[in-house]
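Q: First, the structure itself, so that you have it in front of you.
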Amino acid sequence: MAVWNLGSINIDNVYRVPHLPAPGETLAATAFSQGLGGKGANMSVAIARAASRVAHIGAVGADGKWTVERLMEYGVDTRQIEIIQGEATGHAIIAVAEDGENQIVLFEGTNRTITQDRIGAALTEASPGDTFLTQNETSGQRTAADMAKRLGLRVVYAAAPFDSGAVKDVLPFTDMLVLNQVEAQQLEDALGKPVNALGVENVVVTMGAEGCLWMTDAGGETHVPAISVTPIDTTGAGDTFTGYLVAGLDRGMPMRQALDLATQAGALMVTRLGTADVIPDLKEIEDARLG
């Protein structure tokens, strides 16, 4: 099968700092790097590295052509990525502290220029049984989720960064919802009901060092423990987890097996500095033998 990912593409500017800056504080960085990022791009790379076919639906400016080439190098189908002249590619300023925590300032840029026509043209190539994946860093999520559902695709929604309006728009079409503890609480506050009572078939809440919780609309609840590692950089770990989870399901794995694989991928990811460019592949996960 295949995964169709409507997702952001960002240029990540990463600064290593002794600690996350306090309000009003000027802080000297100890190192700088630039790489491919964005929640959508991270997930596409993770899916490709987990040995599933993934087509990315997105947009970049002329300054971001290298990001498309990078995605292609990592095995992502980039034919549905539009290059828009005169617009800036989305980008992020990321501060990473010595304890691995991060702080991010995001400019959405061309990620918010994706049109309904672009989405429609991409999804006409999809087949029933394929997977559609989206997040909250682009335009067109509701249109795409509705279209994907009507075409017979499994709709997976990573509700981040949290936006209550976007979540309300996409939830009616969602087969699997993935979010972290903070986002889960924000969603419960916004809707006035627990995340396992939203009518979504599968809900996965990631909990950092506590692992993740898988809940079903039938009342099932399974805790998958985390793998103990020493974190270097937590940036992109959640995206890696989601990408591997989606890829595992696309390849026919049972849910629990796909969650175990995703947990291993996320654990290995936090031991690396960077985002899309350092997402591990299946062989690296097997060689690491985590968990």
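Residues are referred to by chain and number: the chain letter is A, B, ... according to the order shown in the structure tokens, the number counts from 1 in that chain, and ligands are numbered separately from 1 in the order shown.
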Contacts of A:Leu133 at 12 Å or less, counting only C-alpha atoms, minus same-chain residues fewer than 2 places along, as a PyMOL selection string?
A: chain A and resi 2-8+39-41+43-44+47+54-57+123+130-131+135-136+138+141-142+144-146+148-149+153-159+170+173-178+239+242-243+245-247+250
Q: Write the residues of the selection above to a file with N, CA and C atoms, as a compact mmCIF listing (two decimals), in the first residue's frame.
A:
```
# COMPACT_ATOMS: atom_id res chain seq x y z
N ALA A 2 0.30 2.41 0.32
CA ALA A 2 1.07 3.65 0.31
C ALA A 2 0.50 4.61 1.35
N VAL A 3 1.33 5.56 1.75
CA VAL A 3 0.94 6.62 2.68
C VAL A 3 0.99 7.94 1.93
N TRP A 4 -0.06 8.73 2.07
CA TRP A 4 -0.15 10.06 1.46
C TRP A 4 -0.13 11.08 2.59
N ASN A 5 0.95 11.85 2.66
CA ASN A 5 1.18 12.72 3.81
C ASN A 5 1.06 14.19 3.41
N LEU A 6 -0.04 14.82 3.82
CA LEU A 6 -0.18 16.27 3.68
C LEU A 6 0.54 16.89 4.85
N GLY A 7 1.73 17.43 4.61
CA GLY A 7 2.54 17.85 5.75
C GLY A 7 3.48 18.99 5.45
N SER A 8 3.92 19.63 6.51
CA SER A 8 4.82 20.78 6.43
C SER A 8 6.23 20.37 6.02
N LYS A 39 7.09 19.04 10.82
CA LYS A 39 6.47 17.80 11.29
C LYS A 39 6.12 16.88 10.12
N GLY A 40 5.64 17.47 9.04
CA GLY A 40 5.28 16.65 7.89
C GLY A 40 6.48 15.98 7.25
N ALA A 41 7.53 16.76 7.00
CA ALA A 41 8.74 16.20 6.40
C ALA A 41 9.36 15.13 7.30
N MET A 43 7.86 13.17 9.38
CA MET A 43 7.06 11.94 9.31
C MET A 43 7.24 11.23 7.99
N SER A 44 7.35 11.99 6.90
CA SER A 44 7.58 11.35 5.60
C SER A 44 8.91 10.61 5.58
N ILE A 47 8.60 7.45 7.65
CA ILE A 47 7.83 6.41 6.95
C ILE A 47 8.70 5.74 5.88
N VAL A 54 5.85 6.40 0.64
CA VAL A 54 5.18 7.61 1.10
C VAL A 54 5.30 8.69 0.05
N ALA A 55 4.17 9.32 -0.25
CA ALA A 55 4.13 10.47 -1.15
C ALA A 55 3.80 11.70 -0.32
N HIS A 56 4.63 12.73 -0.46
CA HIS A 56 4.45 13.95 0.34
C HIS A 56 3.68 14.99 -0.47
N ILE A 57 2.63 15.55 0.15
CA ILE A 57 1.85 16.62 -0.44
C ILE A 57 2.21 17.90 0.30
N LEU A 123 -4.43 13.10 -4.39
CA LEU A 123 -5.22 11.98 -3.88
C LEU A 123 -5.94 11.20 -4.97
N ASP A 130 -5.12 2.60 1.19
CA ASP A 130 -3.94 3.41 1.48
C ASP A 130 -4.19 4.19 2.77
N THR A 131 -3.15 4.87 3.24
CA THR A 131 -3.26 5.69 4.46
C THR A 131 -3.07 7.16 4.11
N GLN A 135 -1.12 16.73 9.74
CA GLN A 135 -0.84 17.40 11.01
C GLN A 135 -1.45 18.79 10.95
N ASN A 136 -1.08 19.68 11.85
CA ASN A 136 -1.67 21.02 11.90
C ASN A 136 -0.72 22.12 11.43
N THR A 138 -0.14 22.83 8.05
CA THR A 138 -0.40 23.21 6.67
C THR A 138 -1.84 23.72 6.53
N GLN A 141 -6.24 20.75 5.72
CA GLN A 141 -6.39 19.46 6.41
C GLN A 141 -7.81 18.89 6.32
N ARG A 142 -8.81 19.73 6.57
CA ARG A 142 -10.18 19.22 6.58
C ARG A 142 -10.59 18.74 5.19
N ALA A 144 -8.71 17.71 2.79
CA ALA A 144 -7.97 16.50 2.44
C ALA A 144 -8.48 15.29 3.21
N ALA A 145 -8.76 15.46 4.50
CA ALA A 145 -9.24 14.34 5.31
C ALA A 145 -10.60 13.86 4.81
N ASP A 146 -11.47 14.79 4.48
CA ASP A 146 -12.79 14.46 3.93
C ASP A 146 -12.63 13.69 2.62
N ALA A 148 -9.98 12.05 1.51
CA ALA A 148 -9.34 10.75 1.74
C ALA A 148 -10.33 9.73 2.29
N LYS A 149 -11.17 10.17 3.22
CA LYS A 149 -12.16 9.27 3.81
C LYS A 149 -13.12 8.75 2.74
N LEU A 153 -9.51 5.71 2.18
CA LEU A 153 -8.20 5.67 2.84
C LEU A 153 -8.39 5.68 4.36
N ARG A 154 -7.43 5.07 5.07
CA ARG A 154 -7.40 5.20 6.53
C ARG A 154 -6.83 6.58 6.86
N VAL A 155 -7.53 7.35 7.68
CA VAL A 155 -7.12 8.71 7.99
C VAL A 155 -6.46 8.74 9.36
N VAL A 156 -5.18 9.14 9.38
CA VAL A 156 -4.41 9.28 10.62
C VAL A 156 -4.11 10.76 10.82
N TYR A 157 -4.40 11.24 12.02
CA TYR A 157 -4.27 12.66 12.32
C TYR A 157 -3.38 12.85 13.53
N ALA A 158 -2.23 13.53 13.32
CA ALA A 158 -1.35 13.92 14.42
C ALA A 158 -1.71 15.35 14.78
N ALA A 159 -2.45 15.53 15.87
CA ALA A 159 -3.06 16.82 16.19
C ALA A 159 -2.08 17.79 16.82
N VAL A 170 -11.18 18.13 11.67
CA VAL A 170 -10.62 16.88 11.13
C VAL A 170 -11.16 15.64 11.84
N PHE A 173 -13.45 12.74 10.43
CA PHE A 173 -12.94 11.87 9.37
C PHE A 173 -11.79 10.97 9.85
N THR A 174 -11.46 11.07 11.14
CA THR A 174 -10.25 10.45 11.66
C THR A 174 -10.46 9.01 12.12
N ASP A 175 -9.59 8.12 11.65
CA ASP A 175 -9.60 6.72 12.10
C ASP A 175 -8.61 6.49 13.23
N MET A 176 -7.50 7.25 13.22
CA MET A 176 -6.52 7.14 14.30
C MET A 176 -5.99 8.52 14.64
N LEU A 177 -6.02 8.84 15.93
CA LEU A 177 -5.57 10.12 16.45
C LEU A 177 -4.31 9.90 17.27
N VAL A 178 -3.25 10.68 16.97
CA VAL A 178 -1.99 10.59 17.70
C VAL A 178 -1.67 11.96 18.27
N ASP A 239 7.54 12.91 15.96
CA ASP A 239 7.28 12.72 14.54
C ASP A 239 7.83 11.38 14.06
N THR A 242 5.43 8.69 15.24
CA THR A 242 4.22 8.64 14.43
C THR A 242 4.49 8.06 13.06
N GLY A 243 5.59 8.48 12.43
CA GLY A 243 5.92 7.96 11.11
C GLY A 243 6.13 6.45 11.12
N LEU A 245 4.93 4.35 13.36
CA LEU A 245 3.66 3.72 13.67
C LEU A 245 2.81 3.58 12.40
N VAL A 246 2.71 4.65 11.63
CA VAL A 246 1.93 4.63 10.39
C VAL A 246 2.53 3.64 9.40
N ALA A 247 3.85 3.63 9.28
CA ALA A 247 4.51 2.72 8.35
C ALA A 247 4.29 1.27 8.75
N ASP A 250 0.84 0.35 7.78
CA ASP A 250 0.75 0.28 6.33
C ASP A 250 1.34 -1.04 5.80
```
Q: Enumerate the residues of stretch 1-112 of chain A with a DSSP assignment of strand (DSSP E), computed from the backbone, and present them as an NGL selection string.
A: :A and (3-6 or 10-16 or 31-37 or 54-61 or 81-84 or 90-96 or 102-107)
Q: Per residue of stretch 129-211 of chain A within 10 Å of stretch 265-287 of chain A, record the nearest atom pair and its distance in Å to one decimal, counting only C-alpha atoms, with rows in chain order and ascending residue number, as CSV.
A:
```
residue,atom,partner,partner_atom,distance
A:Gly208,CA,A:Ala267,CA,9.5
A:Ala209,CA,A:Ala267,CA,9.3
A:Gly211,CA,A:Ala267,CA,9.8
```
Q: Residues of stretch 18-159 of chain A in helix (DSSP H, G or I) according to DSSP, as an MDAnalysis selection string?
A: chainID A and resid 39:49 62:73 109:113 116:123 141:150
Q: Skip A:Asn196 itself and residues of its chain fewer than 2 positions away, then list as a count of residues only all residues within 8 Å of it, counting only C-alpha atoms.
A: 9
Q: Name the closest residue to A:Leu20 among the candidates A:Ala184, A:Met1, A:Leu290, A:Ile94; distances are taken between atoms, counting only C-alpha atoms.
A: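 Of the candidates, the smallest distance to A:Leu20 is held by A:Ile94.
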Q: Pick from A:Asp12, A:Glu82, A:Glu125, A:Asp99: nearest to A:Ser33, with only C-alpha atoms counted?
A: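 When distances to A:Ser33 are compared using only C-alpha atoms, the smallest one comes from A:Asp12.
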Q: Of the candidates A:Val68, A:Ala262, A:Ile227, A:Ile84, which shows the shortest atom-to-atom distance to A:Tyr244, using only C-alpha atoms?
A: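 The answer is A:Ala262, which sits nearest to A:Tyr244.
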Q: If I take atom CA of A:Arg289 and atom CA of A:Gly220, how far is one from the other in Å, to one decimal?
A: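 Distance between the two atoms: 28.9 Å.
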Q: Taking only C-alpha atoms into account, which of A:Leu249, A:Ser228, A:Pro254, A:Phe241 comes nearest A:Gly129?
A: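 Ranking A:Leu249, A:Ser228, A:Pro254, A:Phe241 by distance to A:Gly129, first place goes to A:Leu249.
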Q: Leaving out A:Gly109 and any residue of its chain fewer than 3 positions from it, which residues lie within 8 Å of it when counting only C-alpha atoms, given as a list in words?
A: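 Residues near the query, excluding close chain neighbours: Glu87, Ala88, Thr89, Gly90, His91, Arg112 and Thr113 of chain A.
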Q: Keeping only C-alpha atoms, write those residues as a compact mmCIF listing (two decimals), in the first residue's frame.
A:
```
# COMPACT_ATOMS: atom_id res chain seq x y z
CA GLU A 87 7.25 32.93 -1.19
CA ALA A 88 9.48 31.84 1.71
CA THR A 89 9.72 28.21 2.71
CA GLY A 90 8.52 27.50 6.24
CA HIS A 91 11.34 27.59 8.75
CA ARG A 112 -0.07 27.56 4.41
CA THR A 113 -0.37 27.98 0.62
```
